[in-house]
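Accompanying notes for the structure given below.
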Amino acid sequence: MDDYLARIGAARPAAADLAALRTLQRAHLGTVPFENLSIGLGEPVRLDDEGLLDKIVRRRRGGFCYEVNGAFALLLRDLGYHVSLHSARTWNGSGYGFPFDHLALKVRLDGEDWLVDVGFGKFAHHPLRLGGTGPQDDPGGVYTVTPHPEGHDVAGPGGPEYRIDSRSYALSDFGPTCWFHQTSPQSHFTRSLTCSRLTGDGRLTLAGDKLIHTTAAGRDERVLSEPEILQVYRERFGIALSSPPAPKFPA
């Protein structure tokens with residue numbers, strides 16, 4: 001876990017409190033990319049403690065929600081936080097999708113529950129309070145968390161994000177949908193590639209051969225050559241590849 005803290009550039013906190021949780025979440029989002037490259041590279045996605053730590057810490061990679069939130073839960077528990085794993089149904093534009101489509105974390109602190117998510121791409125930079133219904137200001141925008149019979153509905157600056165289940169689950173419960181996202185032509189993870197992380201002034205995303213840098217000043221986008229793609233993976237995301245990955249089922 002000391003290696004994990006070094007991986008995200010964070011010191012071991014003196015106490016497992018909200019201030020430290022905010023710092024850890026922001027550090028994670030800025031160093032561990034949200035990426036689905038394993039699918040394009042033909043690598044297996046392991047949902048076990050050793051597999052998660054090997055990929056995120058030792059190999060200095062990122063992952064999608066099951067991996068990065070699963071690994072972050074291990075770190076937070078080691079630091080003394082009470083963490084549970086929750087299924088979420090993501091918003092598809094007209095309704096909420098299927099259960100276990102997303103994995104999010106709940107951290108209980110001093111009798112309050114906080115939503116923590118380092119595996120949803122563009123999302124809140126800091127924990128969101130699960131109690132109450134008012135707007136919550138975040139560096140990533142204004143978010144609202146609304147109670148629902150199943151759990152809570154989470155909305156961001158662009159509208160609904162997902163519906164989180166109040167029940168907690170084991171990481172292995174997410175195995176079937178993790179397999180779906182690795183293998184199905186219906187999954188957006190098999191049809192396109194993404195690698196994204198927060199920067200000091202916005203967000204950097206490599207979507208296939210398209211490099212997108214979004215800041216408060218606007219959006220800069222350009223198409224890269226193959227050598228440039230490998231260079232960006234290496235220099236901007238810390239991922240060394242011999243050749244660019246390709247989608248399993250190109251759109």
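In the structure tokens, the first chain shown is A, the next is B, and so on; residue numbers restart at 1 for each chain, and ligands run from 1 in the order shown.
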Exercise. Any idea what's packed within 8 Å of Leu85 (chain A), counting only C-alpha atoms, ignoring anything in its chain fewer than 6 positions away? Could you give it as a ChimeraX atom specification?
Worked result: /A:70,73,103-106,168-171
Keeping only C-alpha atoms, write the selected residues as a PDB file, in the first residue's frame.
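And here's part-v4.pdb as it stands now:
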ATOM      1  CA  GLY A  70     -11.915  -2.069  -6.867  1.00  0.00           C
ATOM      2  CA  ALA A  73     -11.265   0.289  -2.171  1.00  0.00           C
ATOM      3  CA  LEU A 103     -19.129  -0.136  -9.771  1.00  0.00           C
ATOM      4  CA  ALA A 104     -19.036   2.782  -7.321  1.00  0.00           C
ATOM      5  CA  LEU A 105     -17.824   3.061  -3.732  1.00  0.00           C
ATOM      6  CA  LYS A 106     -19.529   4.203  -0.564  1.00  0.00           C
ATOM      7  CA  SER A 168     -23.360  -3.617  -0.986  1.00  0.00           C
ATOM      8  CA  TYR A 169     -21.755  -6.402  -3.027  1.00  0.00           C
ATOM      9  CA  ALA A 170     -18.549  -8.407  -3.313  1.00  0.00           C
ATOM     10  CA  LEU A 171     -16.170  -7.611  -6.164  1.00  0.00           C
TER      11      LEU A 171
END
Problem set entry | Every residue of region 8-117 of chain A that DSSP places in alpha helix (DSSP H), as a ChimeraX atom specification | /A:8,18-31,37-41,49-53,65-78
Given only C-alpha atoms, how would the per-residue table for region 9-82 of chain A near region 242-247 of chain A read, listing every residue at most 7 Å away with its closest atom pair and distance in Å to one decimal, sorted by chain and number, as JSON lines?
{"residue": "A:Leu37", "atom": "CA", "partner": "A:Pro245", "partner_atom": "CA", "distance": 6.5}
{"residue": "A:Gly40", "atom": "CA", "partner": "A:Ala246", "partner_atom": "CA", "distance": 4.9}
{"residue": "A:Leu41", "atom": "CA", "partner": "A:Pro245", "partner_atom": "CA", "distance": 5.2}
Report the closest atom pair, with its distance in Å rounded to one decimal, for each residue of region 112-161 of chain A that has an atom no farther than 12 Å from region 191-204 of chain A; count only C-alpha atoms, sort by chain and then rising residue number, and write it as JSON lines.
{"residue": "A:Val118", "atom": "CA", "partner": "A:Arg197", "partner_atom": "CA", "distance": 9.8}
{"residue": "A:Gly119", "atom": "CA", "partner": "A:Arg197", "partner_atom": "CA", "distance": 10.1}
{"residue": "A:Phe120", "atom": "CA", "partner": "A:Ser196", "partner_atom": "CA", "distance": 10.1}
{"residue": "A:Gly121", "atom": "CA", "partner": "A:Ser196", "partner_atom": "CA", "distance": 6.8}
{"residue": "A:Lys122", "atom": "CA", "partner": "A:Arg203", "partner_atom": "CA", "distance": 8.1}
{"residue": "A:Phe123", "atom": "CA", "partner": "A:Leu198", "partner_atom": "CA", "distance": 10.0}
{"residue": "A:Ala124", "atom": "CA", "partner": "A:Leu198", "partner_atom": "CA", "distance": 10.7}
{"residue": "A:His125", "atom": "CA", "partner": "A:Leu198", "partner_atom": "CA", "distance": 8.7}
{"residue": "A:Pro139", "atom": "CA", "partner": "A:Gly202", "partner_atom": "CA", "distance": 9.9}
{"residue": "A:Gly140", "atom": "CA", "partner": "A:Gly202", "partner_atom": "CA", "distance": 9.1}
{"residue": "A:Gly141", "atom": "CA", "partner": "A:Gly202", "partner_atom": "CA", "distance": 11.9}
Could you take the residues named above and write them with N, CA and C atoms, as a short mmCIF file (atom, residue, chain, number, x, y, z; two decimals), in the first residue's frame?
data_model
loop_
_atom_site.label_atom_id
_atom_site.label_comp_id
_atom_site.auth_asym_id
_atom_site.auth_seq_id
_atom_site.Cartn_x
_atom_site.Cartn_y
_atom_site.Cartn_z
N VAL A 118 -13.64 6.84 -8.71
CA VAL A 118 -12.47 7.19 -9.52
C VAL A 118 -12.48 6.42 -10.83
N GLY A 119 -13.64 5.84 -11.17
CA GLY A 119 -13.71 4.99 -12.35
C GLY A 119 -14.87 5.29 -13.27
N PHE A 120 -15.23 6.57 -13.42
CA PHE A 120 -16.36 6.91 -14.29
C PHE A 120 -15.96 7.93 -15.35
N GLY A 121 -14.66 8.11 -15.54
CA GLY A 121 -14.22 9.10 -16.50
C GLY A 121 -14.51 10.49 -15.97
N LYS A 122 -15.16 11.33 -16.76
CA LYS A 122 -15.48 12.69 -16.36
C LYS A 122 -16.56 12.67 -15.29
N PHE A 123 -16.17 12.98 -14.06
CA PHE A 123 -17.10 12.89 -12.93
C PHE A 123 -16.59 13.80 -11.83
N ALA A 124 -17.21 13.75 -10.67
CA ALA A 124 -16.83 14.58 -9.53
C ALA A 124 -15.39 14.31 -9.12
N HIS A 125 -14.69 15.37 -8.76
CA HIS A 125 -13.30 15.24 -8.32
C HIS A 125 -13.20 14.84 -6.86
N PRO A 139 -15.17 20.76 -7.97
CA PRO A 139 -14.35 21.31 -9.06
C PRO A 139 -14.79 20.84 -10.44
N GLY A 140 -15.46 19.69 -10.50
CA GLY A 140 -15.95 19.18 -11.77
C GLY A 140 -17.32 19.69 -12.16
N GLY A 141 -17.94 20.52 -11.32
CA GLY A 141 -19.27 21.04 -11.60
C GLY A 141 -20.19 20.86 -10.40
#
Exercise. What's the 8 Å shell around Arg7 (chain A), counting only C-alpha atoms, without same-chain residues fewer than 2 positions away, as a list in words?
Worked result: Asp3, Tyr4, Leu5, Gly9, Ala10, Thr31, Val57 and Arg60 of chain A
For the residues selected in the previous step, produce a file with N, CA and C atoms as a CSV table (one decimal), in the first residue's frame.
chain,number,residue,atom,x,y,z
A,3,ASP,N,3.5,1.5,-1.8
A,3,ASP,CA,3.8,1.6,-3.2
A,3,ASP,C,2.6,2.2,-3.9
A,4,TYR,N,1.4,1.9,-3.5
A,4,TYR,CA,0.1,2.4,-4.1
A,4,TYR,C,0.1,3.9,-3.8
A,5,LEU,N,0.4,4.4,-2.6
A,5,LEU,CA,0.4,5.8,-2.3
A,5,LEU,C,1.5,6.5,-3.1
A,9,GLY,N,1.2,9.6,-5.8
A,9,GLY,CA,1.8,10.8,-5.3
A,9,GLY,C,1.2,11.3,-4.1
A,10,ALA,N,0.7,10.5,-3.2
A,10,ALA,CA,0.1,10.9,-2.0
A,10,ALA,C,0.8,10.4,-0.7
A,31,THR,N,-3.6,10.6,-11.7
A,31,THR,CA,-2.4,9.8,-11.9
A,31,THR,C,-2.8,8.4,-12.5
A,57,VAL,N,-0.7,-0.8,-9.6
A,57,VAL,CA,0.5,-0.4,-8.8
A,57,VAL,C,1.8,-0.8,-9.5
A,60,ARG,N,1.7,0.0,-13.3
A,60,ARG,CA,1.4,1.4,-13.4
A,60,ARG,C,0.4,1.7,-14.6
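Interatomic distance, CA of Ala71 (chain A) against CA of Val145 (chain A): 24.2 Å.
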Problem set entry | Selection: 12 Å around Ile39 (chain A), only C-alpha atoms, excl. self and same-chain fewer than 4 positions, as a count of residues only | 28
